[in-house]
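Before any comments, here is the structure.
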Amino acid sequence: MTRVAILDDYQGVALSSADWKSLGPEVTVEAFHESLSAEDVLAERLADFEVIVAMRERTQLPGSLLGHLPKLKLLVTTGMRNVAIDVRAAAALGIVVSGTDLLTPPTAELTWGLILALARNIPREAQQMRAGGWQTTIGVGLNGKVLGVVGLGSLGSEVARVGRAFQMEVIAWSQNLSPEHARSLGVTRVEKDELFRRADFVTIHLVLSKRTRGLVSARDLAMMKPSGYLINTSRGPIVDERALLDALVNRKLAGAALDVYDQEPLPADHLLRGLDNVVLTPHLGYVTVENYRVCYGQAVEDIGAFLAGSPVRVIAGAEPATHA
């Protein structure tokens with residue numbers, strides 16, 4: 001019998017998002033809905049499972065925890081990159097780590113939902129309507145504004161295309177972005193300082209790494225216009241959180257829209273929750289029915305392939321040491 005644990009099934013939909021029964025009667029699947037962070041509690045809860053399915057970075061899976069899971073043979077993460085998993089430790093312990101595809105459009109769509117929510121004060125006006133109010137704010141238009149895209153990969157490129165559809169001037173920067181690639185998308189490649197100085201809306205679309213952690217610094221935020229807005233749907237630690245809080249509290253920025261945070265779930269007493277110039281969502285970028293079907297459907301495929309002796313979508317650096 002093989003036991004499979006699905007972690008952090010917040011909405012209780014994991015079991016209905018894929019055909020887990022196709023794995024056969026020798027495989028049992030259990031979904032956990034609450035998020036746990038204490039390693040000793042996780043070690044006790046997961047000790048009897050041969051397979052763990054992790055949804056993005058909701059649960060930290062460091063080597064210190066993996067070493068206390070003696071039965072674990074396969075770790076599946078949704079997406080092909082998960083900074084919460086110590087893949088080197090997994091390889092040393094003989095644990096295979098496999099991933100899945102992720103759809104790009106959901107996060108790009110949410111990015112534009114956040115930009116529009118900021119520009120037109122949609123959450124605040126919706127709340128006022130429920131309280132009996134009427135027209136309490138004045139929004140700003142997007143037409144003719146400058147959109148600064150930090151990271152022009154597949155996701156940033158989709159966001160840039162929509163910006164052009166709104167007739168915005170789109171500029172972009174990343175360390176390896178070429179002017180030619182930017183021009184092919186109708187975007188102007190600029191230096192980092194120019195992007196933060198000129199952009200009315202700065203939106204971040206980078207992978208979190210040692211190079212990008214803290215990439216958006218206090219200096220960058222200080223260069224932005226007081227009327228400027230920052231949008232982050234990538235990873236919280238890419239932006240200096242203390243500097244962002246200072247800019248928002250002291251009205252050095254008009255506002256920010258955030259889907260990602262240094263600590264997730266965001267603590268209930270976090271200062272961000274009390275600010276009136278932010279739009280906050282709980283890491284919803286990838287959370288759509290379509291994405292869940294892809295992620296959990298391919299998780300089933302990963303498990304089936306592993307049990308058949310031919311693992312698929314193995315994440316680089318995550319192969320067991322005996323196979324190196």
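In the structure tokens, the first chain shown is A, the next is B, and so on; residue numbers restart at 1 for each chain, and ligands run from 1 in the order shown.
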Tell me which protein, DNA and RNA residues are within 10 Å of segment 206-219 of chain A, counting only C-alpha atoms, leaving out same-chain ones fewer than 6 positions away, and put them as a ChimeraX atom specification. /A:81-83,149-153,155-156,174-175,192-193,196,232-244,246-247
Write out, as a PDB file, in the first residue's frame, the residues just selected, with N, CA and C atoms.
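Contents of the output file out.pdb:
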```pdb
ATOM      1  N   ARG A  81       9.410  24.646 -10.115  1.00  0.00           N
ATOM      2  CA  ARG A  81      10.372  25.333  -9.256  1.00  0.00           C
ATOM      3  C   ARG A  81       9.689  25.566  -7.919  1.00  0.00           C
ATOM      4  N   ASN A  82      10.376  25.250  -6.822  1.00  0.00           N
ATOM      5  CA  ASN A  82       9.796  25.436  -5.497  1.00  0.00           C
ATOM      6  C   ASN A  82      10.917  25.704  -4.506  1.00  0.00           C
ATOM      7  N   VAL A  83      11.077  26.976  -4.133  1.00  0.00           N
ATOM      8  CA  VAL A  83      12.175  27.349  -3.238  1.00  0.00           C
ATOM      9  C   VAL A  83      11.965  26.842  -1.823  1.00  0.00           C
ATOM     10  N   VAL A 149       7.660  47.173 -16.547  1.00  0.00           N
ATOM     11  CA  VAL A 149       7.635  45.727 -16.314  1.00  0.00           C
ATOM     12  C   VAL A 149       9.030  45.271 -15.902  1.00  0.00           C
ATOM     13  N   VAL A 150       9.148  44.788 -14.690  1.00  0.00           N
ATOM     14  CA  VAL A 150      10.427  44.277 -14.190  1.00  0.00           C
ATOM     15  C   VAL A 150      10.434  42.767 -14.413  1.00  0.00           C
ATOM     16  N   GLY A 151      11.098  42.342 -15.472  1.00  0.00           N
ATOM     17  CA  GLY A 151      11.105  40.928 -15.852  1.00  0.00           C
ATOM     18  C   GLY A 151      10.195  40.694 -17.036  1.00  0.00           C
ATOM     19  N   LEU A 152      10.778  40.501 -18.219  1.00  0.00           N
ATOM     20  CA  LEU A 152       9.977  40.370 -19.434  1.00  0.00           C
ATOM     21  C   LEU A 152      10.063  38.945 -19.975  1.00  0.00           C
ATOM     22  N   GLY A 153       9.864  37.967 -19.079  1.00  0.00           N
ATOM     23  CA  GLY A 153       9.773  36.579 -19.509  1.00  0.00           C
ATOM     24  C   GLY A 153       8.380  36.286 -20.024  1.00  0.00           C
ATOM     25  N   LEU A 155       5.595  35.501 -18.489  1.00  0.00           N
ATOM     26  CA  LEU A 155       4.534  36.175 -17.735  1.00  0.00           C
ATOM     27  C   LEU A 155       4.590  37.685 -17.948  1.00  0.00           C
ATOM     28  N   GLY A 156       5.776  38.265 -17.817  1.00  0.00           N
ATOM     29  CA  GLY A 156       5.915  39.691 -18.032  1.00  0.00           C
ATOM     30  C   GLY A 156       5.517  40.107 -19.434  1.00  0.00           C
ATOM     31  N   SER A 174      15.272  43.974 -17.049  1.00  0.00           N
ATOM     32  CA  SER A 174      15.785  42.888 -16.228  1.00  0.00           C
ATOM     33  C   SER A 174      17.249  42.750 -16.587  1.00  0.00           C
ATOM     34  N   GLN A 175      17.986  42.037 -15.799  1.00  0.00           N
ATOM     35  CA  GLN A 175      19.434  41.998 -15.973  1.00  0.00           C
ATOM     36  C   GLN A 175      19.849  41.416 -17.316  1.00  0.00           C
ATOM     37  N   LYS A 192      17.354  50.131 -15.120  1.00  0.00           N
ATOM     38  CA  LYS A 192      16.518  49.975 -13.928  1.00  0.00           C
ATOM     39  C   LYS A 192      16.124  51.323 -13.325  1.00  0.00           C
ATOM     40  N   ASP A 193      17.080  52.230 -13.176  1.00  0.00           N
ATOM     41  CA  ASP A 193      16.776  53.528 -12.574  1.00  0.00           C
ATOM     42  C   ASP A 193      15.729  54.280 -13.387  1.00  0.00           C
ATOM     43  N   PHE A 196      12.133  52.919 -12.767  1.00  0.00           N
ATOM     44  CA  PHE A 196      11.490  53.331 -11.514  1.00  0.00           C
ATOM     45  C   PHE A 196      11.186  54.824 -11.505  1.00  0.00           C
ATOM     46  N   ASN A 232       2.976  43.559  -7.173  1.00  0.00           N
ATOM     47  CA  ASN A 232       3.842  42.381  -7.047  1.00  0.00           C
ATOM     48  C   ASN A 232       3.005  41.117  -6.978  1.00  0.00           C
ATOM     49  N   THR A 233       3.083  40.321  -8.046  1.00  0.00           N
ATOM     50  CA  THR A 233       2.425  39.007  -8.077  1.00  0.00           C
ATOM     51  C   THR A 233       3.464  37.898  -8.227  1.00  0.00           C
ATOM     52  N   SER A 234       4.744  38.216  -7.985  1.00  0.00           N
ATOM     53  CA  SER A 234       5.813  37.228  -8.151  1.00  0.00           C
ATOM     54  C   SER A 234       6.148  36.562  -6.828  1.00  0.00           C
ATOM     55  N   ARG A 235       6.992  37.189  -6.021  1.00  0.00           N
ATOM     56  CA  ARG A 235       7.325  36.688  -4.689  1.00  0.00           C
ATOM     57  C   ARG A 235       7.603  37.888  -3.795  1.00  0.00           C
ATOM     58  N   GLY A 236       7.126  37.825  -2.554  1.00  0.00           N
ATOM     59  CA  GLY A 236       7.268  38.937  -1.639  1.00  0.00           C
ATOM     60  C   GLY A 236       8.696  39.403  -1.431  1.00  0.00           C
ATOM     61  N   PRO A 237       9.655  38.491  -1.159  1.00  0.00           N
ATOM     62  CA  PRO A 237      11.010  38.926  -0.816  1.00  0.00           C
ATOM     63  C   PRO A 237      11.772  39.617  -1.939  1.00  0.00           C
ATOM     64  N   ILE A 238      11.220  39.670  -3.144  1.00  0.00           N
ATOM     65  CA  ILE A 238      11.880  40.429  -4.215  1.00  0.00           C
ATOM     66  C   ILE A 238      11.881  41.917  -3.868  1.00  0.00           C
ATOM     67  N   VAL A 239      10.892  42.350  -3.091  1.00  0.00           N
ATOM     68  CA  VAL A 239      10.768  43.748  -2.684  1.00  0.00           C
ATOM     69  C   VAL A 239      11.165  43.876  -1.217  1.00  0.00           C
ATOM     70  N   ASP A 240      11.936  44.901  -0.899  1.00  0.00           N
ATOM     71  CA  ASP A 240      12.287  45.201   0.493  1.00  0.00           C
ATOM     72  C   ASP A 240      11.004  45.602   1.218  1.00  0.00           C
ATOM     73  N   GLU A 241      10.489  44.713   2.064  1.00  0.00           N
ATOM     74  CA  GLU A 241       9.190  44.946   2.690  1.00  0.00           C
ATOM     75  C   GLU A 241       9.193  46.159   3.602  1.00  0.00           C
ATOM     76  N   ARG A 242      10.249  46.330   4.371  1.00  0.00           N
ATOM     77  CA  ARG A 242      10.308  47.486   5.276  1.00  0.00           C
ATOM     78  C   ARG A 242      10.277  48.795   4.497  1.00  0.00           C
ATOM     79  N   ALA A 243      11.021  48.833   3.395  1.00  0.00           N
ATOM     80  CA  ALA A 243      11.051  50.045   2.578  1.00  0.00           C
ATOM     81  C   ALA A 243       9.694  50.302   1.948  1.00  0.00           C
ATOM     82  N   LEU A 244       9.021  49.248   1.519  1.00  0.00           N
ATOM     83  CA  LEU A 244       7.697  49.407   0.921  1.00  0.00           C
ATOM     84  C   LEU A 244       6.705  49.918   1.962  1.00  0.00           C
ATOM     85  N   ASP A 246       7.352  51.698   4.574  1.00  0.00           N
ATOM     86  CA  ASP A 246       7.676  53.102   4.833  1.00  0.00           C
ATOM     87  C   ASP A 246       7.102  53.995   3.740  1.00  0.00           C
ATOM     88  N   ALA A 247       7.255  53.576   2.488  1.00  0.00           N
ATOM     89  CA  ALA A 247       6.765  54.373   1.370  1.00  0.00           C
ATOM     90  C   ALA A 247       5.245  54.495   1.395  1.00  0.00           C
TER      91      ALA A 247
END
```
Applying 7 Å and only C-alpha atoms, which residues near Glu169 of chain A remain after dropping the ones on its own chain fewer than 5 positions away? List them as a list in words.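 Those residues are Gly144, Lys145, Val146, Leu147 and Arg164 of chain A.
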Next item on the list: Extract, using only C-alpha atoms, all DNA, RNA and protein residues at most 10 Å from segment 265-270 of chain A, discarding same-chain residues fewer than 3 positions from it, and format them as a list in words.
Entry: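 Contacts, with the query itself left out: Ser35, Arg58, Val260, Tyr261, Asp262, Arg273, Gly274, Leu275, Leu280, Thr281, Pro282 and His283 of chain A.
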Need the shell around segment 46-51 of chain A: protein/DNA/RNA residues with any atom at most 8 Å away, counting only C-alpha atoms. Skip same-chain ones fewer than 4 positions apart. Format as a PDB file with C-alpha atoms, in the first residue's frame?
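Okay, this is what ended up in part_34.pdb:
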```pdb
ATOM      1  CA  THR A   2       1.284   3.461  -0.945  1.00  0.00           C
ATOM      2  CA  ARG A   3       0.064   6.439   1.049  1.00  0.00           C
ATOM      3  CA  VAL A   4      -0.116   9.878  -0.574  1.00  0.00           C
ATOM      4  CA  ALA A   5      -0.444  13.128   1.405  1.00  0.00           C
ATOM      5  CA  LEU A  42       4.810  18.020  10.250  1.00  0.00           C
ATOM      6  CA  HIS A  68      12.656  12.810   9.617  1.00  0.00           C
ATOM      7  CA  LEU A  69      10.393  11.257   6.981  1.00  0.00           C
ATOM      8  CA  PRO A  70      11.878   7.759   6.616  1.00  0.00           C
ATOM      9  CA  LYS A  71       9.153   6.393   4.310  1.00  0.00           C
ATOM     10  CA  LEU A  72       9.124   9.304   1.859  1.00  0.00           C
ATOM     11  CA  LYS A  73      10.168   8.264  -1.654  1.00  0.00           C
ATOM     12  CA  LEU A  74       8.498  10.835  -3.922  1.00  0.00           C
ATOM     13  CA  LEU A  75       7.858  14.545  -3.427  1.00  0.00           C
ATOM     14  CA  VAL A  76       5.658  16.231  -6.033  1.00  0.00           C
ATOM     15  CA  ILE A 303       2.912   9.424  -9.010  1.00  0.00           C
TER      16      ILE A 303
END
```
Nearby residues (only C-alpha atoms) at most 7 Å from Gly228 of chain A, same-chain spacing under 2 positions excluded, as a PDB file with C-alpha atoms, in the first residue's frame:
```
ATOM      1  CA  ASP A 200       3.330  55.218 -13.274  1.00  0.00           C
ATOM      2  CA  PHE A 201       2.777  51.517 -12.568  1.00  0.00           C
ATOM      3  CA  MET A 224       9.210  56.392  -7.975  1.00  0.00           C
ATOM      4  CA  LYS A 225       6.711  59.204  -8.468  1.00  0.00           C
ATOM      5  CA  PRO A 226       4.523  60.011  -5.440  1.00  0.00           C
ATOM      6  CA  LEU A 230       3.735  49.075  -7.281  1.00  0.00           C
ATOM      7  CA  LEU A 253       3.758  56.117  -3.156  1.00  0.00           C
ATOM      8  CA  ALA A 254       0.117  56.380  -4.156  1.00  0.00           C
TER       9      ALA A 254
END
```
| message | Just want the 7 Å neighbourhood of Ala54 of chain A, counted on only C-alpha atoms, with same-chain residues fewer than 5 positions away dropped. Output as number ranges by chain. | response | A: 6-7, 76-78
Please, could you write that set of residues out with N, CA and C atoms as an mmCIF file, in the first residue's frame?
```cif
data_model
loop_
_atom_site.group_PDB
_atom_site.id
_atom_site.type_symbol
_atom_site.label_atom_id
_atom_site.label_comp_id
_atom_site.auth_asym_id
_atom_site.auth_seq_id
_atom_site.Cartn_x
_atom_site.Cartn_y
_atom_site.Cartn_z
ATOM 1 N N ILE A 6 -1.595 15.025 0.426
ATOM 2 C CA ILE A 6 -1.708 16.286 -0.298
ATOM 3 C C ILE A 6 -1.719 17.405 0.740
ATOM 4 N N LEU A 7 -0.730 18.287 0.661
ATOM 5 C CA LEU A 7 -0.597 19.344 1.664
ATOM 6 C C LEU A 7 -1.361 20.607 1.265
ATOM 7 N N VAL A 76 6.169 15.550 -4.846
ATOM 8 C CA VAL A 76 5.658 16.231 -6.033
ATOM 9 C C VAL A 76 5.313 17.663 -5.664
ATOM 10 N N THR A 77 5.830 18.609 -6.437
ATOM 11 C CA THR A 77 5.457 20.002 -6.249
ATOM 12 C C THR A 77 4.707 20.496 -7.477
ATOM 13 N N THR A 78 3.697 21.307 -7.273
ATOM 14 C CA THR A 78 3.043 21.936 -8.410
ATOM 15 C C THR A 78 3.950 23.044 -8.911
#
```
*asked:* Report as a list in words all protein, DNA and RNA residues lying within 6 Å of Arg197 of chain A, evaluated on only C-alpha atoms, omitting residues in the same chain fewer than 2 positions from it.
replied: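 Counting only the stated atoms, we get Glu194, Leu195, Met223 and Met224 of chain A.
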- Item | Pick from A:Tyr10, A:Lys21, A:Val53, A:Gly285, whichever lies nearest to Glu34 of chain A using only C-alpha atoms |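 For Glu34 of chain A, the nearest of the candidates is A:Tyr10.
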Fill in: Atom pair atom CA of Tyr296 of chain A / atom CA of Ile52 of chain A: separation (Å)
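Taking atom CA of Tyr296 of chain A as the start and atom CA of Ile52 of chain A as the end point, the length is 12.1 Å.
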Between atom CA of Asp259 of chain A and atom CA of Arg293 of chain A, what distance in Å does the model show, to one decimal?
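Separating atom CA of Asp259 of chain A from atom CA of Arg293 of chain A is a distance of 21.3 Å.
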* List every residue of segment 63-207 of chain A that DSSP, applied to the backbone, labels as strand (DSSP E or B), and write the result as a list in words. =>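 Of segment 63-207 of chain A, the ones in strand (DSSP E or B) are Leu74, Leu75, Val76, Thr77, Ile85, Val96, Val97, Ser98, Val146, Leu147, Gly148, Val149, Val150, Glu169, Val170, Ile171, Ala172, Trp173, Thr188, Arg189, Phe201, Val202, Thr203 and Ile204 of chain A.
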Selected residue of minimal separation from Ile315 of chain A among A:Gly63, A:Gly132, A:Gly99, A:Pro25, counting only C-alpha atoms:
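So, comparing all the options, the nearest one is A:Gly99.
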Item checked: Residues of segment 236-274 of chain A in alpha helix (DSSP H), written as an MDAnalysis selection string -> chainID A and resid 241:249
- Item | Selected residue, from A:Leu102, A:Ile95, A:Ala165, A:Ala31, that lies nearest to Gln298 of chain A when counting only C-alpha atoms |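 Among the listed residues, the smallest separation from Gln298 of chain A belongs to A:Leu102.
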